[in-house]
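Enquirer: Just one file: model.txt, with compact mmCIF, C-alpha atoms.
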```txt
# COMPACT_ATOMS: atom_id res chain seq x y z
CA MET A 1 0.18 -23.31 -35.29
CA LEU A 2 -2.28 -20.95 -33.58
CA LYS A 3 -1.09 -22.13 -30.17
CA TRP A 4 2.51 -21.38 -31.14
CA LEU A 5 1.57 -17.87 -32.32
CA GLY A 6 -0.37 -17.27 -29.12
CA GLY A 7 2.70 -18.16 -27.10
CA LEU A 8 4.64 -15.46 -28.90
CA ILE A 9 2.01 -12.82 -28.19
CA ASP A 10 1.07 -13.69 -24.60
CA SER A 11 4.03 -13.98 -22.25
CA ASN A 12 1.92 -14.27 -19.10
CA GLU A 13 2.61 -17.98 -18.77
CA LYS A 14 6.34 -17.39 -18.71
CA GLU A 15 5.91 -14.64 -16.10
CA LEU A 16 3.71 -16.86 -13.93
CA LYS A 17 6.31 -19.63 -14.02
CA ARG A 18 8.98 -17.13 -12.98
CA LEU A 19 6.91 -16.02 -9.98
CA ALA A 20 5.89 -19.53 -8.90
CA PRO A 21 9.03 -20.35 -6.82
CA THR A 22 8.62 -17.17 -4.74
CA VAL A 23 4.93 -17.89 -4.16
CA LYS A 24 5.89 -21.41 -3.09
CA LYS A 25 8.34 -20.00 -0.51
CA ILE A 26 5.65 -17.71 0.91
CA ASN A 27 3.20 -20.60 1.18
CA GLU A 28 5.78 -22.79 2.90
CA LEU A 29 6.24 -20.10 5.55
CA GLU A 30 2.52 -19.92 6.37
CA PRO A 31 2.48 -22.63 9.10
CA GLU A 32 5.49 -21.00 10.78
CA PHE A 33 3.81 -17.59 10.88
CA GLU A 34 0.51 -19.06 12.06
CA ARG A 35 2.29 -20.29 15.20
CA LEU A 36 3.53 -16.80 16.12
CA SER A 37 1.79 -14.86 18.87
CA ASP A 38 0.55 -11.35 18.07
CA ALA A 39 3.61 -9.90 19.81
CA GLU A 40 5.97 -12.18 17.89
CA LEU A 41 4.28 -11.27 14.62
CA ARG A 42 4.66 -7.58 15.46
CA ALA A 43 8.33 -8.16 16.29
CA LYS A 44 8.93 -9.43 12.76
CA THR A 45 8.83 -5.84 11.53
CA ASP A 46 11.69 -4.88 13.82
CA GLU A 47 13.58 -7.98 12.72
CA PHE A 48 13.13 -7.13 9.03
CA LYS A 49 14.33 -3.57 9.60
CA ALA A 50 17.39 -4.83 11.46
CA ARG A 51 18.22 -7.22 8.64
CA LEU A 52 17.88 -4.42 6.11
CA GLY A 53 20.28 -2.38 8.19
CA ALA A 54 22.69 -5.32 8.21
CA GLY A 55 22.76 -5.47 4.42
CA SER A 56 19.81 -7.65 3.39
CA SER A 57 17.79 -6.51 0.38
CA LEU A 58 14.04 -6.10 0.08
CA ASP A 59 13.96 -8.93 -2.46
CA GLU A 60 15.59 -11.25 0.08
CA LEU A 61 13.01 -10.29 2.71
CA LEU A 62 10.03 -10.49 0.35
CA PRO A 63 8.83 -14.05 1.10
CA GLU A 64 8.86 -13.53 4.88
CA ALA A 65 7.42 -10.02 4.69
CA PHE A 66 4.57 -11.19 2.46
CA ALA A 67 3.93 -14.13 4.80
CA ALA A 68 3.72 -11.69 7.72
CA VAL A 69 1.20 -9.49 5.91
CA ARG A 70 -0.90 -12.50 4.93
CA GLU A 71 -1.00 -13.70 8.55
CA ALA A 72 -1.87 -10.21 9.83
CA ALA A 73 -4.70 -9.96 7.31
CA LYS A 74 -6.11 -13.32 8.39
CA ARG A 75 -6.08 -12.30 12.06
CA THR A 76 -7.49 -8.80 11.66
CA ILE A 77 -9.87 -8.52 8.71
CA GLY A 78 -10.44 -12.23 8.06
CA GLN A 79 -9.01 -12.20 4.55
CA ARG A 80 -6.21 -14.41 3.22
CA HIS A 81 -4.15 -13.46 0.19
CA PHE A 82 -4.56 -16.00 -2.61
CA ASP A 83 -1.60 -17.09 -4.72
CA VAL A 84 -2.65 -14.82 -7.58
CA GLN A 85 -2.72 -11.89 -5.16
CA LEU A 86 0.78 -12.77 -3.96
CA MET A 87 1.88 -12.68 -7.58
CA GLY A 88 0.26 -9.27 -8.02
CA GLY A 89 2.13 -8.01 -4.98
CA ILE A 90 5.47 -9.25 -6.31
CA VAL A 91 4.87 -7.58 -9.66
CA LEU A 92 3.97 -4.27 -8.01
CA HIS A 93 7.08 -4.44 -5.84
CA GLN A 94 9.11 -4.82 -9.02
CA GLY A 95 7.66 -1.59 -10.39
CA LYS A 96 5.58 -3.29 -13.07
CA ILE A 97 1.90 -3.05 -13.96
CA ALA A 98 -0.48 -5.65 -12.52
CA GLU A 99 -3.82 -5.79 -14.31
CA MET A 100 -6.65 -6.98 -12.08
CA LYS A 101 -10.38 -6.91 -12.61
CA THR A 102 -12.83 -5.36 -10.16
CA GLY A 103 -13.41 -7.76 -7.30
CA GLU A 104 -10.04 -9.53 -7.54
CA GLY A 105 -8.75 -7.83 -4.41
CA LYS A 106 -6.52 -4.98 -5.57
CA THR A 107 -6.81 -3.24 -2.21
CA LEU A 108 -5.59 -6.34 -0.37
CA VAL A 109 -2.82 -6.94 -2.92
CA ALA A 110 -1.38 -3.47 -2.33
CA THR A 111 -0.76 -4.20 1.36
CA LEU A 112 2.03 -6.62 0.43
CA PRO A 113 4.43 -4.33 -1.48
CA LEU A 114 3.47 -1.30 0.62
CA TYR A 115 4.47 -3.08 3.82
CA LEU A 116 7.68 -4.44 2.30
CA ASN A 117 8.81 -1.07 0.96
CA SER A 118 7.77 0.77 4.13
CA LEU A 119 10.44 -1.17 6.01
CA ILE A 120 13.07 1.16 4.56
CA GLY A 121 11.59 3.97 6.66
CA ARG A 122 11.32 6.58 3.90
CA GLY A 123 7.56 6.42 3.37
CA CYS A 124 5.33 4.87 0.70
CA HIS A 125 2.41 6.32 -1.24
CA LEU A 126 -0.67 4.76 -2.71
CA VAL A 127 -2.09 7.11 -5.32
CA THR A 128 -5.77 6.50 -5.99
CA VAL A 129 -8.41 8.08 -8.17
CA ASN A 130 -11.07 9.46 -5.84
CA ASP A 131 -11.62 10.84 -2.35
CA TYR A 132 -13.66 7.88 -1.12
CA LEU A 133 -10.98 5.31 -1.92
CA ALA A 134 -8.34 7.56 -0.35
CA ARG A 135 -10.25 7.20 2.93
CA ARG A 136 -11.76 3.74 2.66
CA ASP A 137 -8.67 1.78 1.67
CA PRO A 138 -6.31 2.87 4.48
CA TYR A 139 -9.13 2.54 7.02
CA TRP A 140 -10.06 -0.92 5.75
CA MET A 141 -6.45 -2.13 5.61
CA GLY A 142 -5.41 -0.18 8.71
CA PRO A 143 -5.74 -3.14 11.11
CA ILE A 144 -3.23 -5.12 9.03
CA TYR A 145 -0.60 -2.39 9.17
CA HIS A 146 -1.28 -1.61 12.83
CA THR A 147 -0.81 -5.26 13.81
CA LEU A 148 2.61 -5.17 12.16
CA GLY A 149 3.59 -1.87 13.76
CA ILE A 150 3.33 0.18 10.57
CA SER A 151 1.59 3.58 10.57
CA VAL A 152 -0.86 4.56 7.83
CA ALA A 153 -2.45 7.90 6.99
CA SER A 154 -4.91 9.30 4.47
CA ILE A 155 -5.00 12.65 2.66
CA TYR A 156 -7.92 13.95 0.62
CA PRO A 157 -9.52 17.27 -0.41
CA GLN A 158 -10.99 19.47 2.32
CA THR A 159 -14.77 19.42 2.72
CA PRO A 160 -16.97 22.15 4.26
CA ASP A 161 -17.23 20.26 7.57
CA GLU A 162 -13.56 19.25 7.78
CA HIS A 163 -10.73 21.67 8.44
CA THR A 164 -8.02 19.01 8.57
CA PRO A 165 -8.39 16.72 5.53
CA SER A 166 -5.74 14.30 6.77
CA ARG A 167 -6.35 11.28 8.97
CA PHE A 168 -4.23 8.75 10.85
CA TYR A 169 -5.42 5.21 11.61
CA ASP A 170 -5.40 4.89 15.41
CA PRO A 171 -7.50 2.15 17.11
CA SER A 172 -7.15 3.94 20.46
CA PHE A 173 -8.98 7.00 19.09
CA ASP A 174 -12.76 7.35 18.86
CA SER A 175 -13.89 10.01 16.39
CA GLY A 176 -17.57 9.52 17.17
CA ASP A 177 -18.17 8.81 13.47
CA LYS A 178 -19.21 5.18 13.00
CA ARG A 179 -17.90 5.20 9.43
CA TRP A 180 -14.37 6.35 10.34
CA ARG A 181 -14.25 5.65 14.06
CA TYR A 182 -10.48 5.21 14.36
CA PHE A 183 -9.40 8.05 12.07
CA ARG A 184 -7.59 10.72 14.07
CA PRO A 185 -7.20 14.20 12.49
CA ILE A 186 -3.57 15.14 11.86
CA SER A 187 -1.66 17.79 9.94
CA ARG A 188 -0.73 17.28 6.31
CA ARG A 189 2.95 17.12 7.24
CA ASP A 190 2.25 14.37 9.81
CA ALA A 191 0.30 12.43 7.19
CA TYR A 192 3.39 12.34 5.00
CA GLN A 193 5.51 11.23 7.96
CA ALA A 194 3.47 8.02 8.24
CA ASP A 195 5.03 4.81 6.96
CA ILE A 196 2.29 4.56 4.33
CA THR A 197 0.18 7.42 2.97
CA TYR A 198 -2.92 6.92 0.85
CA GLY A 199 -4.26 9.85 -1.16
CA THR A 200 -5.69 11.10 -4.43
CA SER A 201 -3.48 12.02 -7.35
CA THR A 202 -4.69 15.61 -7.22
CA GLU A 203 -3.76 16.04 -3.56
CA PHE A 204 -0.32 14.53 -4.02
CA GLY A 205 0.17 16.76 -7.05
CA PHE A 206 -1.01 19.97 -5.40
CA ASP A 207 1.13 19.29 -2.32
CA TYR A 208 4.13 18.80 -4.61
CA LEU A 209 3.44 22.09 -6.36
CA ARG A 210 2.92 23.95 -3.07
CA ASP A 211 6.16 22.54 -1.68
CA ASN A 212 7.99 23.90 -4.71
CA MET A 213 6.60 27.40 -4.14
CA VAL A 214 7.38 27.82 -0.43
CA ILE A 215 9.78 30.52 0.69
CA ASP A 216 11.10 28.49 3.62
CA LEU A 217 11.89 24.77 3.27
CA SER A 218 10.47 24.21 6.75
CA GLN A 219 7.03 24.83 5.23
CA CYS A 220 7.28 21.77 2.95
CA VAL A 221 5.01 18.87 3.88
CA GLN A 222 6.20 16.05 1.63
CA ARG A 223 9.24 13.86 2.13
CA PRO A 224 11.61 12.86 -0.69
CA VAL A 225 9.88 10.27 -2.86
CA ASN A 226 10.64 6.61 -2.23
CA TYR A 227 8.00 4.16 -3.49
CA ALA A 228 4.48 4.56 -4.83
CA ILE A 229 1.70 2.42 -6.24
CA VAL A 230 -0.60 4.14 -8.73
CA ASP A 231 -4.15 2.77 -8.73
CA GLU A 232 -6.00 2.87 -12.06
CA VAL A 233 -2.72 3.81 -13.72
CA ASP A 234 -4.25 3.81 -17.22
CA TYR A 235 -6.88 6.35 -16.15
CA LEU A 236 -4.46 8.65 -14.34
CA LEU A 237 -1.54 8.61 -16.76
CA ILE A 238 -3.34 8.15 -20.09
CA ASP A 239 -6.98 9.24 -19.94
CA GLU A 240 -6.14 12.20 -17.70
CA ALA A 241 -2.74 12.94 -19.21
CA ARG A 242 -4.14 16.21 -20.55
CA THR A 243 -4.13 17.55 -16.98
CA PRO A 244 -0.91 19.46 -16.34
CA LEU A 245 -1.19 18.44 -12.67
CA ILE A 246 0.07 14.94 -13.50
CA ILE A 247 3.81 15.34 -13.01
```
With the file now loaded, output its structure as structure tokens.

Expert:
Amino acid sequence: MLKWLGGLIDSNEKELKRLAPTVKKINELEPEFERLSDAELRAKTDEFKARLGAGSSLDELLPEAFAAVREAAKRTIGQRHFDVQLMGGIVLHQGKIAEMKTGEGKTLVATLPLYLNSLIGRGCHLVTVNDYLARRDPYWMGPIYHTLGISVASIYPQTPDEHTPSRFYDPSFDSGDKRWRYFRPISRRDAYQADITYGTSTEFGFDYLRDNMVIDLSQCVQRPVNYAIVDEVDYLLIDEARTPLII
């Protein structure tokens, strides 16, 4: 009786069964992607974009795109997405909430739907809660995106020693700072032109407000919105909902 009632309350099992076939497809592609050279893996991005232009949907490309990200992660940062992380990525792509505990790899999970949705070419945002994560996450995951030919930038509040609080991940650049060696300073507008832009909720919000107060549209820095992942969504949209900045 209790088991039956629990089944009514918790629908996670049904959701996991629904996601299982897609995860299986991604796993079946792993040996094929392991055999690709770095150049061939990079070329997959161009192939995906061409197929989108020919009428394919993101959902149709999802298994191959996720397999490409997993392979890039293995080659660059030595991390492999587990099945549960693949499931988290699918759920985020679908615009749903994925609840994950600290240490379960949320940062790595986000690379999957961000890469997939960046293929459209209209930009993706990852909205996080603090300045450190807005810098650390794109820098940490930068090698994955770079291997796949996807650009990633970071925006965060200006500090006394920084006049350009926007950075672009560029392995050919040496900043002289061991912590953020490959972060090249760029303008705020250029940061929003990247395929993927990480930033804090406050910075995204203030940029939105500033763009809506400009006299000349050429002064706007943001692009039309396309796709975004909100980190710590309960904190930003519930705990901090009193803040009028949250739009």

Enquirer: Between atom CA of Phe33 of chain A and atom CA of Ala67 of chain A, what is the spacing in Å?

Expert: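 Separation of atom CA of Ala67 of chain A and atom CA of Phe33 of chain A: 7.0 Å.
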
Enquirer: With distances taken over only C-alpha atoms, which of A:Glu47, A:Asp38, A:Met100, A:Val23 is nearest to Pro63 of chain A?

Expert: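 So, comparing all the options, the nearest one is A:Val23.
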
Enquirer: Output as AutoDock Vina command-line options the centre and edge lengths (Å, one decimal) of the box along x, y and z of the file that holds every listed atom of segment 114-122 of chain A after adding 6 Å on each side.

Expert:
```
--center_x 8.3 --center_y 1.1 --center_z 3.6 --size_x 21.6 --size_y 23.0 --size_z 18.0
```

Enquirer: Closest to Leu209 of chain A among A:Val91, A:Val221, A:Ala228, A:Val69, using only C-alpha atoms?

Expert: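 Looking only at the distances to Leu209 of chain A, the closest residue turns out to be A:Val221.
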
Enquirer: If you measure from atom CA of Leu92 of chain A to atom CA of Tyr235 of chain A, what distance in Å do you get, rounded to one decimal?

Expert: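 Here the two named atoms are 17.2 Å from each other.
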